[in-house]
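Chemist: First the structure, which I've put down as structure tokens, then a few questions once you've had a look.
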Amino acid sequence: MQKIETVREMQALADKLRAKEQRIGFVPTMGALHAGHLSLVKLARAKADVVVVSIFVNPTQFGPSEDYSNYPRPLEHDLELCAEAGVDAIFLPPVAEIYPKGCSTFVIEEAVSKPLEGASRPTHFRGVATVVAKLFNIVRPHIVVFGQKDAQQVAVLKRMAADLHLPVKFVVAPIMREPDGLAMSSRNRYLTAVQREDSVVISQALRRAQEMVAGGEHRDDRLIAEVTHLLSQKRRVRVIYVAMVDKDTFEPLRVVVPGKTLLAIAAWVDEVRLIDNVEL
Ligand code: AMP
């Protein structure tokens, strides 16, 4: 596995691979890797000739009171996991490589990024879109793999890539969950045992909504009321939003439209912010 730390070296590798007509599959991450990330790598391996993973904790997508400096950075373990997973090259740039002194250009998607995560983390998607546009220009992938766990991120980035005519094909991987249903996340390691117990209500509430839809319920108000009620049963859980939206535009939906509908939750479990979603 090649370890690359500079933009120049990464672009040179991309040029070399492209000259040999090798298809580059790319999985951008912030590290603290878990089985969810590895499922993305597996998909990339199946769909491309060469797999590049980036590990970059992107400062611009964190709000001022968020966990940027405390974000977990277990680098050695991440490198072992990548090597075991058959990653060909790992891109680990220092912050100054991606944001050199004086850089002043940002990418802002102005519709899909507004509600839900965008409302509660106002500068988040500006940071995500900016870093991903930069990474696309550095890694020059044919195929990129993102997780459905961050459903709004996928929708924003697909919109950005279409709007900027970026020639990349998106592959979206299903959400990997712990055996009790909790969506895997690098932030789960912040949870204490009691918080971990309460956090399972998030996926349980989403499953309950799916059952209600299977039983014939299609109205957003009734589904959202039931999900909110279930979440409120847990003392440590505070709802940030529960929303039923179009999975591409993130506009609200009043009734379930099969194949188009996403139910998304963000909640605090004490001071740990978790998100999850299901298709309805
Ligand atoms: P992150 O390191 O949190 O920025 O995540 C990197 C990529 O892994 C993103 O595309 C995430 O959506 C994806 N990802 C994170 N958690 C999961 C999960 N539980 N299942 C599938 N993909 C995930």
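Starting from 1 in every chain, residues are counted up; chains themselves are A, B, ... following the order of the structure tokens, and ligands are numbered from 1 as listed.
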Tell me, which residues of range 181-219 of chain A carry DSSP alpha helix (DSSP H), written as a compact mmCIF listing (two decimals) with N, CA and C atoms, in the first residue's frame?
Modeler:
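So states-v3.txt came out as:
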# COMPACT_ATOMS: atom_id res chain seq x y z
N ALA A 193 -21.28 3.57 28.22
CA ALA A 193 -22.15 2.39 28.15
C ALA A 193 -23.63 2.78 28.25
N VAL A 194 -23.96 3.70 29.13
CA VAL A 194 -25.39 4.07 29.27
C VAL A 194 -25.88 4.87 28.07
N GLN A 195 -25.01 5.72 27.55
CA GLN A 195 -25.40 6.48 26.34
C GLN A 195 -25.58 5.52 25.15
N ARG A 196 -24.69 4.56 25.09
CA ARG A 196 -24.75 3.56 24.02
C ARG A 196 -26.09 2.81 24.07
N GLU A 197 -26.54 2.50 25.30
CA GLU A 197 -27.84 1.81 25.45
C GLU A 197 -28.99 2.67 24.93
N ASP A 198 -28.97 3.96 25.30
CA ASP A 198 -30.06 4.86 24.85
C ASP A 198 -30.01 5.09 23.34
N SER A 199 -28.82 5.07 22.75
CA SER A 199 -28.67 5.46 21.34
C SER A 199 -29.37 4.49 20.39
N VAL A 200 -29.63 3.27 20.86
CA VAL A 200 -30.25 2.28 19.98
C VAL A 200 -31.69 2.67 19.61
N VAL A 201 -32.28 3.59 20.40
CA VAL A 201 -33.65 4.02 20.11
C VAL A 201 -33.75 4.69 18.73
N ILE A 202 -32.64 5.26 18.26
CA ILE A 202 -32.69 5.98 16.97
C ILE A 202 -33.02 5.01 15.84
N SER A 203 -32.28 3.90 15.77
CA SER A 203 -32.57 2.95 14.68
C SER A 203 -33.89 2.22 14.95
N GLN A 204 -34.22 2.01 16.23
CA GLN A 204 -35.51 1.37 16.53
C GLN A 204 -36.67 2.23 16.05
N ALA A 205 -36.57 3.53 16.25
CA ALA A 205 -37.65 4.44 15.84
C ALA A 205 -37.79 4.44 14.31
N LEU A 206 -36.64 4.39 13.62
CA LEU A 206 -36.70 4.36 12.15
C LEU A 206 -37.34 3.05 11.67
N ARG A 207 -37.00 1.96 12.35
CA ARG A 207 -37.61 0.67 11.97
C ARG A 207 -39.11 0.68 12.21
N ARG A 208 -39.51 1.31 13.32
CA ARG A 208 -40.94 1.42 13.63
C ARG A 208 -41.66 2.19 12.50
N ALA A 209 -41.05 3.24 12.00
CA ALA A 209 -41.67 4.00 10.90
C ALA A 209 -41.81 3.12 9.66
N GLN A 210 -40.79 2.31 9.40
CA GLN A 210 -40.88 1.40 8.24
C GLN A 210 -42.04 0.42 8.42
N GLU A 211 -42.22 -0.07 9.66
CA GLU A 211 -43.34 -0.99 9.93
C GLU A 211 -44.67 -0.29 9.70
N MET A 212 -44.75 0.98 10.16
CA MET A 212 -46.01 1.72 9.97
C MET A 212 -46.33 1.89 8.49
N VAL A 213 -45.29 2.17 7.70
CA VAL A 213 -45.51 2.33 6.25
C VAL A 213 -45.95 1.00 5.65
N ALA A 214 -45.32 -0.09 6.09
CA ALA A 214 -45.73 -1.42 5.60
C ALA A 214 -47.18 -1.69 5.98
Chemist: Counting only C-alpha atoms and all ligand atoms, which protein, DNA or RNA residues come within 9 Å of ligand 1, given as a PyMOL selection string?
Modeler: chain A and resi 27-40+55-58+145-151+153-154+172-178+182-187+276
Chemist: In terms of the shortest atom-to-atom distance over only C-alpha atoms, which of A:Leu17, A:Val171, A:Val257, A:Ala119 is closest to Ala89 in chain A?
Modeler: A:Leu17
Chemist: If we count only C-alpha atoms, what is near Lys47 in chain A at a cut-off of 10 Å, once residues fewer than 5 positions away on the same chain are taken out, given as a list in words?
Modeler: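 Residues meeting the cut-off are Arg23, Ile24, Gly25, Val41, Lys42, His142, Ile143, Val144, Val145 and Val171 of chain A.
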Chemist: Could you check the closest approach to Phe26 in chain A for each of A:Thr60, A:Asn137, A:Asn277, A:Thr123 and tell me which residue wins, using only C-alpha atoms?
Modeler: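 Smallest separation from Phe26 in chain A among the options: A:Asn137.
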Chemist: Near Ser120 in chain A, within 9 Å and counting only C-alpha atoms, which residues show up once chain neighbours fewer than 5 positions away are dropped, as a list in words?
Modeler: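 After dropping sequence-adjacent residues, the list is Pro115, Ile240 and Tyr241 of chain A.
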Chemist: Could you give me, as JSON lines, every range 138-184 of chain A residue with an atom at most 9 Å from range 244-248 of chain A, plus its closest atom pair and distance in Å to one decimal, counting only C-alpha atoms, rows ordered by chain then number?
Modeler:
{"residue": "A:Ala151", "atom": "CA", "partner": "A:Lys247", "partner_atom": "CA", "distance": 7.6}
{"residue": "A:Gln152", "atom": "CA", "partner": "A:Lys247", "partner_atom": "CA", "distance": 7.8}
{"residue": "A:Val154", "atom": "CA", "partner": "A:Asp248", "partner_atom": "CA", "distance": 8.7}
{"residue": "A:Ala155", "atom": "CA", "partner": "A:Asp248", "partner_atom": "CA", "distance": 5.4}
{"residue": "A:Val156", "atom": "CA", "partner": "A:Asp248", "partner_atom": "CA", "distance": 8.3}
{"residue": "A:Lys158", "atom": "CA", "partner": "A:Asp248", "partner_atom": "CA", "distance": 8.7}
{"residue": "A:Arg159", "atom": "CA", "partner": "A:Asp248", "partner_atom": "CA", "distance": 8.5}
Chemist: How far is it from CA of Ala243 in chain A to CA of Leu262 in chain A, in Å with one decimal?
Modeler: 8.1 Å
Chemist: List the neighbours of range 232-238 of chain A out to 7 Å using only C-alpha atoms; skip same-chain residues closer than 2 positions along the sequence, and give me the result as an NGL selection string.
Modeler: :A and (195 or 198 or 228-230 or 240 or 267-270)
Chemist: Next, the residues of the selection above should be written as a PDB file, in the first residue's frame with C-alpha atoms.
Modeler:
ATOM      1  CA  GLN A 195     -25.403   6.476  26.336  1.00  0.00           C
ATOM      2  CA  ASP A 198     -30.055   4.856  24.851  1.00  0.00           C
ATOM      3  CA  THR A 228     -40.456  11.689  18.026  1.00  0.00           C
ATOM      4  CA  HIS A 229     -42.501   9.994  20.738  1.00  0.00           C
ATOM      5  CA  LEU A 230     -40.208   6.940  20.740  1.00  0.00           C
ATOM      6  CA  ILE A 240     -32.420  17.858  16.565  1.00  0.00           C
ATOM      7  CA  ALA A 267     -30.266  13.597  17.775  1.00  0.00           C
ATOM      8  CA  TRP A 268     -28.010  14.383  20.658  1.00  0.00           C
ATOM      9  CA  VAL A 269     -27.271  11.528  23.000  1.00  0.00           C
ATOM     10  CA  ASP A 270     -26.050  13.792  25.800  1.00  0.00           C
TER      11      ASP A 270
END
Chemist: What is the CA of Ile4 in chain A to CA of Asp67 in chain A distance in Å?
Modeler: 25.7 Å
Chemist: Compile the contact shell of range 96-112 of chain A as a ChimeraX atom specification: residues with an atom at most 6 Å away, counting only C-alpha atoms, same-chain residues fewer than 2 positions apart removed.
Modeler: /A:93-94,114,126,129-130,156,249-250
Chemist: Which one is closest to Val53 in chain A: A:Ile90, A:Leu79, A:Val256, A:Ala161? Count only C-alpha atoms.
Modeler: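 Looking only at the distances to Val53 in chain A, the closest residue turns out to be A:Ile90.
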Chemist: Determine the nearest neighbour of Val242 in chain A from the options A:Val168, A:Ala12, A:Val272, A:Leu116, counting only C-alpha atoms.
Modeler: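 Answer, going by the shortest atom-to-atom distance: A:Leu116.
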